[in-house]
Amino acid sequence: MNKLRIAVYAICKDEEQFVKRFMAPLGEADLVIVADTGSSDNTVQMLRDEGAIVHQIKMSPWRFDTPRNVSLSFVPEDIDVCVCI
């Protein structure tokens, strides 16, 4: 039986108060990929400490759709299911 490879991807900025709650239910995902759009708090390090792969990107002017699409580009091609949160 082949197991599907699952990736969760998201964007964030200055969300340190939510990192643990965000990561807690994602333990069964093969990858958690986050595009940080310029956090000035401890979000990036906290996500990495919880096992997420974090890419730091800059978006100017900031729009929701552009960073979300960039975050999808970080998902490897061998992933079977992508979930955007």
# chains A, B, ... in the order shown; residues from 1 in each chain; ligands from 1
$ residues_around --residues "Pro25 (chain A)" --least-positions-apart "6" --cutoff "12 Å" --atoms "only C-alpha atoms" --output "mmCIF file with N, CA and C atoms, in the first residue's frame"
data_model
loop_
_atom_site.group_PDB
_atom_site.id
_atom_site.type_symbol
_atom_site.label_atom_id
_atom_site.label_comp_id
_atom_site.auth_asym_id
_atom_site.auth_seq_id
_atom_site.Cartn_x
_atom_site.Cartn_y
_atom_site.Cartn_z
ATOM 1 N N VAL A 8 1.501 20.542 4.393
ATOM 2 C CA VAL A 8 0.684 21.676 4.794
ATOM 3 C C VAL A 8 1.525 22.916 4.538
ATOM 4 N N VAL A 19 1.840 29.840 17.288
ATOM 5 C CA VAL A 19 2.686 28.803 16.688
ATOM 6 C C VAL A 19 2.386 27.416 17.257
ATOM 7 N N VAL A 32 5.583 20.568 6.894
ATOM 8 C CA VAL A 32 4.875 21.812 7.168
ATOM 9 C C VAL A 32 5.785 22.917 6.663
ATOM 10 N N GLU A 50 9.448 23.871 16.185
ATOM 11 C CA GLU A 50 8.322 22.933 16.162
ATOM 12 C C GLU A 50 8.363 21.999 14.947
ATOM 13 N N ILE A 85 -3.330 26.291 4.776
ATOM 14 C CA ILE A 85 -4.007 26.737 5.997
ATOM 15 C C ILE A 85 -3.700 28.220 6.177
#
$ select_by_dssp --residues "chain A" --states "helix (DSSP H, G or I)" --output "list of chain:residue names"
A:Glu16, A:Gln17, A:Phe18, A:Val19, A:Lys20, A:Arg21, A:Phe22, A:Met23, A:Ala24, A:Pro25, A:Leu26, A:Thr43, A:Val44, A:Gln45, A:Met46, A:Leu47, A:Arg48, A:Asp49, A:Asp65, A:Thr66, A:Pro67, A:Arg68, A:Asn69, A:Val70, A:Ser71, A:Leu72, A:Ser73
$ residues_around --residues "Leu4 (chain A)" --least-positions-apart "2" --cutoff "8 Å" --atoms "only C-alpha atoms" --output "list in words"
Asn2, Ile6, Ile79, Asp80 and Val81 of chain A
$ residues_around --residues "Arg68 (chain A)" --least-positions-apart "5" --cutoff "9 Å" --atoms "only C-alpha atoms" --output "number ranges by chain"
A: 9-11, 35, 63, 73, 84
$ closest_residue --among "A:Phe74, A:Ala24, A:Ala29, A:Gly38" --to "Arg5 (chain A)" --atoms "only C-alpha atoms"
A:Ala29
$ residues_around --residues "Leu47 (chain A)" --least-positions-apart "5" --cutoff "8 Å" --atoms "only C-alpha atoms" --output "JSON, numbers by chain"
{"A": [19, 23, 52, 53, 54]}
$ write_last_selection --atoms "all heavy atoms" --output "PDB file, in the first residue's frame"
ATOM      1  N   VAL A  19       1.840  29.840  17.288  1.00  0.00           N
ATOM      2  CA  VAL A  19       2.686  28.803  16.688  1.00  0.00           C
ATOM      3  C   VAL A  19       2.386  27.416  17.257  1.00  0.00           C
ATOM      4  O   VAL A  19       2.164  26.468  16.498  1.00  0.00           O
ATOM      5  CB  VAL A  19       4.186  29.140  16.837  1.00  0.00           C
ATOM      6  CG1 VAL A  19       5.060  27.946  16.490  1.00  0.00           C
ATOM      7  CG2 VAL A  19       4.539  30.331  15.957  1.00  0.00           C
ATOM      8  N   MET A  23       0.826  24.321  15.072  1.00  0.00           N
ATOM      9  CA  MET A  23       1.608  23.125  14.769  1.00  0.00           C
ATOM     10  C   MET A  23       1.053  21.853  15.418  1.00  0.00           C
ATOM     11  O   MET A  23       1.260  20.752  14.900  1.00  0.00           O
ATOM     12  CB  MET A  23       3.062  23.329  15.203  1.00  0.00           C
ATOM     13  CG  MET A  23       3.833  24.343  14.379  1.00  0.00           C
ATOM     14  SD  MET A  23       4.068  23.861  12.654  1.00  0.00           S
ATOM     15  CE  MET A  23       5.167  22.470  12.847  1.00  0.00           C
ATOM     16  N   ALA A  52       8.669  23.019  11.515  1.00  0.00           N
ATOM     17  CA  ALA A  52       8.274  23.587  10.219  1.00  0.00           C
ATOM     18  C   ALA A  52       9.501  24.007   9.422  1.00  0.00           C
ATOM     19  O   ALA A  52      10.534  24.379   9.984  1.00  0.00           O
ATOM     20  CB  ALA A  52       7.359  24.788  10.424  1.00  0.00           C
ATOM     21  N   ILE A  53       9.360  23.953   8.119  1.00  0.00           N
ATOM     22  CA  ILE A  53      10.354  24.517   7.209  1.00  0.00           C
ATOM     23  C   ILE A  53       9.884  25.934   6.918  1.00  0.00           C
ATOM     24  O   ILE A  53       8.766  26.134   6.433  1.00  0.00           O
ATOM     25  CB  ILE A  53      10.446  23.701   5.907  1.00  0.00           C
ATOM     26  CG1 ILE A  53      10.885  22.278   6.214  1.00  0.00           C
ATOM     27  CG2 ILE A  53      11.373  24.381   4.909  1.00  0.00           C
ATOM     28  CD1 ILE A  53      10.727  21.322   5.051  1.00  0.00           C
ATOM     29  N   VAL A  54      10.704  26.917   7.245  1.00  0.00           N
ATOM     30  CA  VAL A  54      10.288  28.311   7.118  1.00  0.00           C
ATOM     31  C   VAL A  54      11.145  29.011   6.072  1.00  0.00           C
ATOM     32  O   VAL A  54      12.374  28.943   6.111  1.00  0.00           O
ATOM     33  CB  VAL A  54      10.400  29.056   8.463  1.00  0.00           C
ATOM     34  CG1 VAL A  54       9.919  30.498   8.317  1.00  0.00           C
ATOM     35  CG2 VAL A  54       9.604  28.330   9.543  1.00  0.00           C
TER      36      VAL A  54
END
$ atom_distance --atom1 "CA of Lys13 (chain A)" --atom2 "CA of Met46 (chain A)"
12.3 Å
$ closest_residue --among "A:Gln56, A:Glu15, A:Asp30, A:Trp62" --to "Asn42 (chain A)" --atoms "only C-alpha atoms"
A:Glu15
$ atom_distance --atom1 "CA of Asp36 (chain A)" --atom2 "CA of Met59 (chain A)"
9.9 Å
$ select_by_dssp --residues "chain A" --states "strand (DSSP E or B)" --output "PDB file with all heavy atoms, in the first residue's frame"
ATOM      1  N   ILE A   6       1.905  14.112   2.333  1.00  0.00           N
ATOM      2  CA  ILE A   6       1.061  15.279   2.587  1.00  0.00           C
ATOM      3  C   ILE A   6       1.910  16.445   3.078  1.00  0.00           C
ATOM      4  O   ILE A   6       2.735  16.294   3.977  1.00  0.00           O
ATOM      5  CB  ILE A   6      -0.021  14.951   3.634  1.00  0.00           C
ATOM      6  CG1 ILE A   6      -0.904  13.821   3.104  1.00  0.00           C
ATOM      7  CG2 ILE A   6      -0.836  16.186   3.991  1.00  0.00           C
ATOM      8  CD1 ILE A   6      -1.862  13.262   4.117  1.00  0.00           C
ATOM      9  N   ALA A   7       1.670  17.616   2.483  1.00  0.00           N
ATOM     10  CA  ALA A   7       2.327  18.846   2.928  1.00  0.00           C
ATOM     11  C   ALA A   7       1.266  19.867   3.297  1.00  0.00           C
ATOM     12  O   ALA A   7       0.264  20.024   2.602  1.00  0.00           O
ATOM     13  CB  ALA A   7       3.228  19.407   1.832  1.00  0.00           C
ATOM     14  N   VAL A   8       1.501  20.542   4.393  1.00  0.00           N
ATOM     15  CA  VAL A   8       0.684  21.676   4.794  1.00  0.00           C
ATOM     16  C   VAL A   8       1.525  22.916   4.538  1.00  0.00           C
ATOM     17  O   VAL A   8       2.704  22.953   4.899  1.00  0.00           O
ATOM     18  CB  VAL A   8       0.303  21.581   6.282  1.00  0.00           C
ATOM     19  CG1 VAL A   8      -0.402  22.838   6.751  1.00  0.00           C
ATOM     20  CG2 VAL A   8      -0.556  20.348   6.526  1.00  0.00           C
ATOM     21  N   TYR A   9       0.926  23.916   3.902  1.00  0.00           N
ATOM     22  CA  TYR A   9       1.665  25.151   3.679  1.00  0.00           C
ATOM     23  C   TYR A   9       0.816  26.344   4.106  1.00  0.00           C
ATOM     24  O   TYR A   9      -0.412  26.297   4.098  1.00  0.00           O
ATOM     25  CB  TYR A   9       2.156  25.275   2.241  1.00  0.00           C
ATOM     26  CG  TYR A   9       1.082  25.445   1.194  1.00  0.00           C
ATOM     27  CD1 TYR A   9       0.827  26.704   0.646  1.00  0.00           C
ATOM     28  CD2 TYR A   9       0.341  24.366   0.723  1.00  0.00           C
ATOM     29  CE1 TYR A   9      -0.147  26.865  -0.326  1.00  0.00           C
ATOM     30  CE2 TYR A   9      -0.622  24.520  -0.255  1.00  0.00           C
ATOM     31  CZ  TYR A   9      -0.864  25.782  -0.771  1.00  0.00           C
ATOM     32  OH  TYR A   9      -1.825  25.953  -1.732  1.00  0.00           O
ATOM     33  N   ALA A  10       1.506  27.404   4.530  1.00  0.00           N
ATOM     34  CA  ALA A  10       0.820  28.569   5.068  1.00  0.00           C
ATOM     35  C   ALA A  10       1.720  29.795   4.947  1.00  0.00           C
ATOM     36  O   ALA A  10       2.911  29.672   4.662  1.00  0.00           O
ATOM     37  CB  ALA A  10       0.466  28.335   6.534  1.00  0.00           C
ATOM     38  N   ILE A  11       1.122  30.949   5.193  1.00  0.00           N
ATOM     39  CA  ILE A  11       1.880  32.191   5.308  1.00  0.00           C
ATOM     40  C   ILE A  11       1.664  32.741   6.717  1.00  0.00           C
ATOM     41  O   ILE A  11       0.695  32.392   7.389  1.00  0.00           O
ATOM     42  CB  ILE A  11       1.470  33.233   4.249  1.00  0.00           C
ATOM     43  CG1 ILE A  11       0.001  33.627   4.402  1.00  0.00           C
ATOM     44  CG2 ILE A  11       1.766  32.712   2.848  1.00  0.00           C
ATOM     45  CD1 ILE A  11      -0.418  34.785   3.512  1.00  0.00           C
ATOM     46  N   CYS A  12       2.582  33.591   7.143  1.00  0.00           N
ATOM     47  CA  CYS A  12       2.425  34.187   8.469  1.00  0.00           C
ATOM     48  C   CYS A  12       3.222  35.473   8.568  1.00  0.00           C
ATOM     49  O   CYS A  12       4.085  35.761   7.740  1.00  0.00           O
ATOM     50  CB  CYS A  12       2.867  33.221   9.558  1.00  0.00           C
ATOM     51  SG  CYS A  12       4.651  32.975   9.621  1.00  0.00           S
ATOM     52  N   LEU A  31       5.313  17.243   5.706  1.00  0.00           N
ATOM     53  CA  LEU A  31       6.019  18.523   5.716  1.00  0.00           C
ATOM     54  C   LEU A  31       5.063  19.621   6.153  1.00  0.00           C
ATOM     55  O   LEU A  31       3.893  19.606   5.769  1.00  0.00           O
ATOM     56  CB  LEU A  31       6.530  18.899   4.316  1.00  0.00           C
ATOM     57  CG  LEU A  31       7.652  18.110   3.702  1.00  0.00           C
ATOM     58  CD1 LEU A  31       7.847  18.549   2.254  1.00  0.00           C
ATOM     59  CD2 LEU A  31       8.933  18.330   4.472  1.00  0.00           C
ATOM     60  N   VAL A  32       5.583  20.568   6.894  1.00  0.00           N
ATOM     61  CA  VAL A  32       4.875  21.812   7.168  1.00  0.00           C
ATOM     62  C   VAL A  32       5.785  22.917   6.663  1.00  0.00           C
ATOM     63  O   VAL A  32       6.929  23.047   7.118  1.00  0.00           O
ATOM     64  CB  VAL A  32       4.572  21.997   8.667  1.00  0.00           C
ATOM     65  CG1 VAL A  32       3.905  23.353   8.909  1.00  0.00           C
ATOM     66  CG2 VAL A  32       3.703  20.859   9.184  1.00  0.00           C
ATOM     67  N   ILE A  33       5.285  23.680   5.702  1.00  0.00           N
ATOM     68  CA  ILE A  33       6.080  24.714   5.050  1.00  0.00           C
ATOM     69  C   ILE A  33       5.387  26.049   5.285  1.00  0.00           C
ATOM     70  O   ILE A  33       4.197  26.194   5.009  1.00  0.00           O
ATOM     71  CB  ILE A  33       6.200  24.440   3.541  1.00  0.00           C
ATOM     72  CG1 ILE A  33       6.856  23.075   3.324  1.00  0.00           C
ATOM     73  CG2 ILE A  33       6.963  25.561   2.850  1.00  0.00           C
ATOM     74  CD1 ILE A  33       6.707  22.542   1.922  1.00  0.00           C
ATOM     75  N   VAL A  34       6.140  27.005   5.806  1.00  0.00           N
ATOM     76  CA  VAL A  34       5.572  28.314   6.103  1.00  0.00           C
ATOM     77  C   VAL A  34       6.406  29.384   5.412  1.00  0.00           C
ATOM     78  O   VAL A  34       7.630  29.377   5.502  1.00  0.00           O
ATOM     79  CB  VAL A  34       5.528  28.575   7.618  1.00  0.00           C
ATOM     80  CG1 VAL A  34       4.946  29.946   7.908  1.00  0.00           C
ATOM     81  CG2 VAL A  34       4.726  27.489   8.330  1.00  0.00           C
ATOM     82  N   ALA A  35       5.733  30.302   4.745  1.00  0.00           N
ATOM     83  CA  ALA A  35       6.387  31.478   4.177  1.00  0.00           C
ATOM     84  C   ALA A  35       6.115  32.639   5.127  1.00  0.00           C
ATOM     85  O   ALA A  35       4.977  33.080   5.271  1.00  0.00           O
ATOM     86  CB  ALA A  35       5.850  31.778   2.785  1.00  0.00           C
ATOM     87  N   ASP A  36       7.152  33.080   5.807  1.00  0.00           N
ATOM     88  CA  ASP A  36       7.024  34.207   6.724  1.00  0.00           C
ATOM     89  C   ASP A  36       7.223  35.492   5.935  1.00  0.00           C
ATOM     90  O   ASP A  36       8.201  35.640   5.212  1.00  0.00           O
ATOM     91  CB  ASP A  36       8.061  34.108   7.839  1.00  0.00           C
ATOM     92  CG  ASP A  36       7.930  35.247   8.805  1.00  0.00           C
ATOM     93  OD1 ASP A  36       7.120  35.122   9.741  1.00  0.00           O
ATOM     94  OD2 ASP A  36       8.602  36.281   8.599  1.00  0.00           O
ATOM     95  N   ILE A  53       9.360  23.953   8.119  1.00  0.00           N
ATOM     96  CA  ILE A  53      10.354  24.517   7.209  1.00  0.00           C
ATOM     97  C   ILE A  53       9.884  25.934   6.918  1.00  0.00           C
ATOM     98  O   ILE A  53       8.766  26.134   6.433  1.00  0.00           O
ATOM     99  CB  ILE A  53      10.446  23.701   5.907  1.00  0.00           C
ATOM    100  CG1 ILE A  53      10.885  22.278   6.214  1.00  0.00           C
ATOM    101  CG2 ILE A  53      11.373  24.381   4.909  1.00  0.00           C
ATOM    102  CD1 ILE A  53      10.727  21.322   5.051  1.00  0.00           C
ATOM    103  N   VAL A  54      10.704  26.917   7.245  1.00  0.00           N
ATOM    104  CA  VAL A  54      10.288  28.311   7.118  1.00  0.00           C
ATOM    105  C   VAL A  54      11.145  29.011   6.072  1.00  0.00           C
ATOM    106  O   VAL A  54      12.374  28.943   6.111  1.00  0.00           O
ATOM    107  CB  VAL A  54      10.400  29.056   8.463  1.00  0.00           C
ATOM    108  CG1 VAL A  54       9.919  30.498   8.317  1.00  0.00           C
ATOM    109  CG2 VAL A  54       9.604  28.330   9.543  1.00  0.00           C
ATOM    110  N   HIS A  55      10.462  29.673   5.142  1.00  0.00           N
ATOM    111  CA  HIS A  55      11.118  30.513   4.140  1.00  0.00           C
ATOM    112  C   HIS A  55      10.717  31.950   4.437  1.00  0.00           C
ATOM    113  O   HIS A  55       9.533  32.241   4.604  1.00  0.00           O
ATOM    114  CB  HIS A  55      10.663  30.137   2.728  1.00  0.00           C
ATOM    115  CG  HIS A  55      11.027  28.749   2.340  1.00  0.00           C
ATOM    116  ND1 HIS A  55      12.233  28.433   1.765  1.00  0.00           N
ATOM    117  CD2 HIS A  55      10.346  27.582   2.464  1.00  0.00           C
ATOM    118  CE1 HIS A  55      12.268  27.125   1.537  1.00  0.00           C
ATOM    119  NE2 HIS A  55      11.142  26.594   1.952  1.00  0.00           N
ATOM    120  N   GLN A  56      11.688  32.815   4.499  1.00  0.00           N
ATOM    121  CA  GLN A  56      11.403  34.221   4.754  1.00  0.00           C
ATOM    122  C   GLN A  56      11.344  34.950   3.418  1.00  0.00           C
ATOM    123  O   GLN A  56      12.293  34.899   2.632  1.00  0.00           O
ATOM    124  CB  GLN A  56      12.456  34.810   5.678  1.00  0.00           C
ATOM    125  CG  GLN A  56      12.381  34.179   7.070  1.00  0.00           C
ATOM    126  CD  GLN A  56      13.470  34.661   7.981  1.00  0.00           C
ATOM    127  OE1 GLN A  56      14.564  34.117   7.968  1.00  0.00           O
ATOM    128  NE2 GLN A  56      13.159  35.676   8.768  1.00  0.00           N
ATOM    129  N   VAL A  81      -0.468  15.449  -1.754  1.00  0.00           N
ATOM    130  CA  VAL A  81      -1.597  16.256  -1.285  1.00  0.00           C
ATOM    131  C   VAL A  81      -1.041  17.509  -0.623  1.00  0.00           C
ATOM    132  O   VAL A  81      -0.181  17.429   0.260  1.00  0.00           O
ATOM    133  CB  VAL A  81      -2.457  15.484  -0.263  1.00  0.00           C
ATOM    134  CG1 VAL A  81      -3.579  16.355   0.257  1.00  0.00           C
ATOM    135  CG2 VAL A  81      -3.004  14.213  -0.870  1.00  0.00           C
ATOM    136  N   CYS A  82      -1.539  18.689  -1.050  1.00  0.00           N
ATOM    137  CA  CYS A  82      -1.159  19.954  -0.453  1.00  0.00           C
ATOM    138  C   CYS A  82      -2.365  20.553   0.240  1.00  0.00           C
ATOM    139  O   CYS A  82      -3.450  20.601  -0.338  1.00  0.00           O
ATOM    140  CB  CYS A  82      -0.697  20.941  -1.519  1.00  0.00           C
ATOM    141  SG  CYS A  82       0.753  20.445  -2.421  1.00  0.00           S
ATOM    142  N   VAL A  83      -2.165  21.012   1.467  1.00  0.00           N
ATOM    143  CA  VAL A  83      -3.240  21.625   2.236  1.00  0.00           C
ATOM    144  C   VAL A  83      -2.777  23.030   2.625  1.00  0.00           C
ATOM    145  O   VAL A  83      -1.757  23.182   3.292  1.00  0.00           O
ATOM    146  CB  VAL A  83      -3.556  20.806   3.504  1.00  0.00           C
ATOM    147  CG1 VAL A  83      -4.675  21.479   4.300  1.00  0.00           C
ATOM    148  CG2 VAL A  83      -3.925  19.375   3.148  1.00  0.00           C
ATOM    149  N   CYS A  84      -3.539  24.022   2.202  1.00  0.00           N
ATOM    150  CA  CYS A  84      -3.218  25.411   2.548  1.00  0.00           C
ATOM    151  C   CYS A  84      -4.026  25.795   3.776  1.00  0.00           C
ATOM    152  O   CYS A  84      -5.236  25.653   3.802  1.00  0.00           O
ATOM    153  CB  CYS A  84      -3.555  26.323   1.379  1.00  0.00           C
ATOM    154  SG  CYS A  84      -3.151  28.044   1.709  1.00  0.00           S
TER     155      CYS A  84
END
$ residues_around --residues "Asp14 (chain A)" --least-positions-apart "3" --cutoff "9 Å" --atoms "only C-alpha atoms" --output "list in words"
Gln17, Asp36, Thr37, Gly38, Ser39, Ser40, Asp41, Asn42, Thr43 and Val44 of chain A
$ write_last_selection --atoms "C-alpha atoms" --output "tab-separated table (two decimals), in the first residue's frame"
chain	number	residue	atom	x	y	z
A	17	GLN	CA	1.34	33.50	20.09
A	36	ASP	CA	7.02	34.21	6.72
A	37	THR	CA	6.31	37.63	5.26
A	38	GLY	CA	8.46	39.71	7.60
A	39	SER	CA	7.92	38.78	11.24
A	40	SER	CA	9.66	40.98	13.79
A	41	ASP	CA	8.94	38.65	16.72
A	42	ASN	CA	10.03	35.03	17.39
A	43	THR	CA	7.61	33.43	14.92
A	44	VAL	CA	10.29	32.09	12.55
$ atom_distance --atom1 "CA of Gln45 (chain A)" --atom2 "CA of Glu28 (chain A)"
21.0 Å
$ decode --residues "region 12-23 of chain A" --atoms "all heavy atoms" --output "PDB file, in the first residue's frame"
ATOM      1  N   CYS A  12       2.582  33.591   7.143  1.00  0.00           N
ATOM      2  CA  CYS A  12       2.425  34.187   8.469  1.00  0.00           C
ATOM      3  C   CYS A  12       3.222  35.473   8.568  1.00  0.00           C
ATOM      4  O   CYS A  12       4.085  35.761   7.740  1.00  0.00           O
ATOM      5  CB  CYS A  12       2.867  33.221   9.558  1.00  0.00           C
ATOM      6  SG  CYS A  12       4.651  32.975   9.621  1.00  0.00           S
ATOM      7  N   LYS A  13       2.912  36.213   9.616  1.00  0.00           N
ATOM      8  CA  LYS A  13       3.691  37.396  10.006  1.00  0.00           C
ATOM      9  C   LYS A  13       3.344  37.711  11.451  1.00  0.00           C
ATOM     10  O   LYS A  13       2.169  37.928  11.784  1.00  0.00           O
ATOM     11  CB  LYS A  13       3.383  38.599   9.114  1.00  0.00           C
ATOM     12  CG  LYS A  13       4.225  39.815   9.466  1.00  0.00           C
ATOM     13  CD  LYS A  13       3.959  40.962   8.529  1.00  0.00           C
ATOM     14  CE  LYS A  13       4.839  42.147   8.933  1.00  0.00           C
ATOM     15  NZ  LYS A  13       4.559  43.302   8.075  1.00  0.00           N
ATOM     16  N   ASP A  14       4.354  37.711  12.303  1.00  0.00           N
ATOM     17  CA  ASP A  14       4.188  38.053  13.719  1.00  0.00           C
ATOM     18  C   ASP A  14       3.077  37.244  14.392  1.00  0.00           C
ATOM     19  O   ASP A  14       2.139  37.801  14.969  1.00  0.00           O
ATOM     20  CB  ASP A  14       3.921  39.558  13.880  1.00  0.00           C
ATOM     21  CG  ASP A  14       5.129  40.400  13.485  1.00  0.00           C
ATOM     22  OD1 ASP A  14       6.268  39.928  13.662  1.00  0.00           O
ATOM     23  OD2 ASP A  14       4.933  41.516  12.988  1.00  0.00           O
ATOM     24  N   GLU A  15       3.207  35.939  14.341  1.00  0.00           N
ATOM     25  CA  GLU A  15       2.182  35.038  14.885  1.00  0.00           C
ATOM     26  C   GLU A  15       2.707  34.158  16.016  1.00  0.00           C
ATOM     27  O   GLU A  15       2.190  33.073  16.244  1.00  0.00           O
ATOM     28  CB  GLU A  15       1.633  34.145  13.765  1.00  0.00           C
ATOM     29  CG  GLU A  15       1.019  34.879  12.615  1.00  0.00           C
ATOM     30  CD  GLU A  15      -0.311  35.526  12.932  1.00  0.00           C
ATOM     31  OE1 GLU A  15      -0.874  35.276  14.020  1.00  0.00           O
ATOM     32  OE2 GLU A  15      -0.795  36.296  12.099  1.00  0.00           O
ATOM     33  N   GLU A  16       3.719  34.620  16.752  1.00  0.00           N
ATOM     34  CA  GLU A  16       4.330  33.762  17.761  1.00  0.00           C
ATOM     35  C   GLU A  16       3.328  33.232  18.787  1.00  0.00           C
ATOM     36  O   GLU A  16       3.479  32.113  19.276  1.00  0.00           O
ATOM     37  CB  GLU A  16       5.503  34.449  18.456  1.00  0.00           C
ATOM     38  CG  GLU A  16       5.125  35.587  19.356  1.00  0.00           C
ATOM     39  CD  GLU A  16       6.347  36.257  19.989  1.00  0.00           C
ATOM     40  OE1 GLU A  16       7.499  35.884  19.697  1.00  0.00           O
ATOM     41  OE2 GLU A  16       6.130  37.187  20.789  1.00  0.00           O
ATOM     42  N   GLN A  17       2.293  33.969  19.091  1.00  0.00           N
ATOM     43  CA  GLN A  17       1.337  33.504  20.094  1.00  0.00           C
ATOM     44  C   GLN A  17       0.506  32.319  19.604  1.00  0.00           C
ATOM     45  O   GLN A  17      -0.126  31.629  20.404  1.00  0.00           O
ATOM     46  CB  GLN A  17       0.420  34.644  20.574  1.00  0.00           C
ATOM     47  CG  GLN A  17      -0.613  35.110  19.570  1.00  0.00           C
ATOM     48  CD  GLN A  17      -0.171  36.316  18.760  1.00  0.00           C
ATOM     49  OE1 GLN A  17       1.013  36.604  18.621  1.00  0.00           O
ATOM     50  NE2 GLN A  17      -1.131  37.043  18.226  1.00  0.00           N
ATOM     51  N   PHE A  18       0.511  32.057  18.290  1.00  0.00           N
ATOM     52  CA  PHE A  18      -0.291  30.966  17.737  1.00  0.00           C
ATOM     53  C   PHE A  18       0.522  29.770  17.237  1.00  0.00           C
ATOM     54  O   PHE A  18      -0.050  28.793  16.771  1.00  0.00           O
ATOM     55  CB  PHE A  18      -1.156  31.482  16.575  1.00  0.00           C
ATOM     56  CG  PHE A  18      -2.074  32.590  16.966  1.00  0.00           C
ATOM     57  CD1 PHE A  18      -1.889  33.871  16.461  1.00  0.00           C
ATOM     58  CD2 PHE A  18      -3.122  32.367  17.848  1.00  0.00           C
ATOM     59  CE1 PHE A  18      -2.738  34.901  16.823  1.00  0.00           C
ATOM     60  CE2 PHE A  18      -3.976  33.394  18.214  1.00  0.00           C
ATOM     61  CZ  PHE A  18      -3.783  34.668  17.699  1.00  0.00           C
ATOM     62  N   VAL A  19       1.840  29.840  17.288  1.00  0.00           N
ATOM     63  CA  VAL A  19       2.686  28.803  16.688  1.00  0.00           C
ATOM     64  C   VAL A  19       2.386  27.416  17.257  1.00  0.00           C
ATOM     65  O   VAL A  19       2.164  26.468  16.498  1.00  0.00           O
ATOM     66  CB  VAL A  19       4.186  29.140  16.837  1.00  0.00           C
ATOM     67  CG1 VAL A  19       5.060  27.946  16.490  1.00  0.00           C
ATOM     68  CG2 VAL A  19       4.539  30.331  15.957  1.00  0.00           C
ATOM     69  N   LYS A  20       2.393  27.256  18.538  1.00  0.00           N
ATOM     70  CA  LYS A  20       2.171  25.924  19.129  1.00  0.00           C
ATOM     71  C   LYS A  20       0.781  25.394  18.786  1.00  0.00           C
ATOM     72  O   LYS A  20       0.628  24.230  18.451  1.00  0.00           O
ATOM     73  CB  LYS A  20       2.408  25.954  20.633  1.00  0.00           C
ATOM     74  CG  LYS A  20       3.879  26.115  20.981  1.00  0.00           C
ATOM     75  CD  LYS A  20       4.135  25.832  22.436  1.00  0.00           C
ATOM     76  CE  LYS A  20       5.593  26.024  22.771  1.00  0.00           C
ATOM     77  NZ  LYS A  20       6.473  25.032  22.218  1.00  0.00           N
ATOM     78  N   ARG A  21      -0.222  26.237  18.848  1.00  0.00           N
ATOM     79  CA  ARG A  21      -1.583  25.817  18.519  1.00  0.00           C
ATOM     80  C   ARG A  21      -1.704  25.468  17.033  1.00  0.00           C
ATOM     81  O   ARG A  21      -2.419  24.550  16.657  1.00  0.00           O
ATOM     82  CB  ARG A  21      -2.568  26.922  18.897  1.00  0.00           C
ATOM     83  CG  ARG A  21      -4.008  26.468  18.833  1.00  0.00           C
ATOM     84  CD  ARG A  21      -4.924  27.432  19.509  1.00  0.00           C
ATOM     85  NE  ARG A  21      -5.044  28.651  18.718  1.00  0.00           N
ATOM     86  CZ  ARG A  21      -5.737  29.700  19.098  1.00  0.00           C
ATOM     87  NH1 ARG A  21      -6.340  29.724  20.258  1.00  0.00           N
ATOM     88  NH2 ARG A  21      -5.816  30.763  18.336  1.00  0.00           N
ATOM     89  N   PHE A  22      -0.999  26.189  16.170  1.00  0.00           N
ATOM     90  CA  PHE A  22      -0.989  25.903  14.737  1.00  0.00           C
ATOM     91  C   PHE A  22      -0.318  24.560  14.453  1.00  0.00           C
ATOM     92  O   PHE A  22      -0.828  23.750  13.687  1.00  0.00           O
ATOM     93  CB  PHE A  22      -0.261  27.031  13.994  1.00  0.00           C
ATOM     94  CG  PHE A  22       0.003  26.743  12.544  1.00  0.00           C
ATOM     95  CD1 PHE A  22      -1.008  26.809  11.611  1.00  0.00           C
ATOM     96  CD2 PHE A  22       1.283  26.411  12.121  1.00  0.00           C
ATOM     97  CE1 PHE A  22      -0.761  26.544  10.270  1.00  0.00           C
ATOM     98  CE2 PHE A  22       1.544  26.140  10.790  1.00  0.00           C
ATOM     99  CZ  PHE A  22       0.519  26.213   9.857  1.00  0.00           C
ATOM    100  N   MET A  23       0.826  24.321  15.072  1.00  0.00           N
ATOM    101  CA  MET A  23       1.608  23.125  14.769  1.00  0.00           C
ATOM    102  C   MET A  23       1.053  21.853  15.418  1.00  0.00           C
ATOM    103  O   MET A  23       1.260  20.752  14.900  1.00  0.00           O
ATOM    104  CB  MET A  23       3.062  23.329  15.203  1.00  0.00           C
ATOM    105  CG  MET A  23       3.833  24.343  14.379  1.00  0.00           C
ATOM    106  SD  MET A  23       4.068  23.861  12.654  1.00  0.00           S
ATOM    107  CE  MET A  23       5.167  22.470  12.847  1.00  0.00           C
TER     108      MET A  23
END
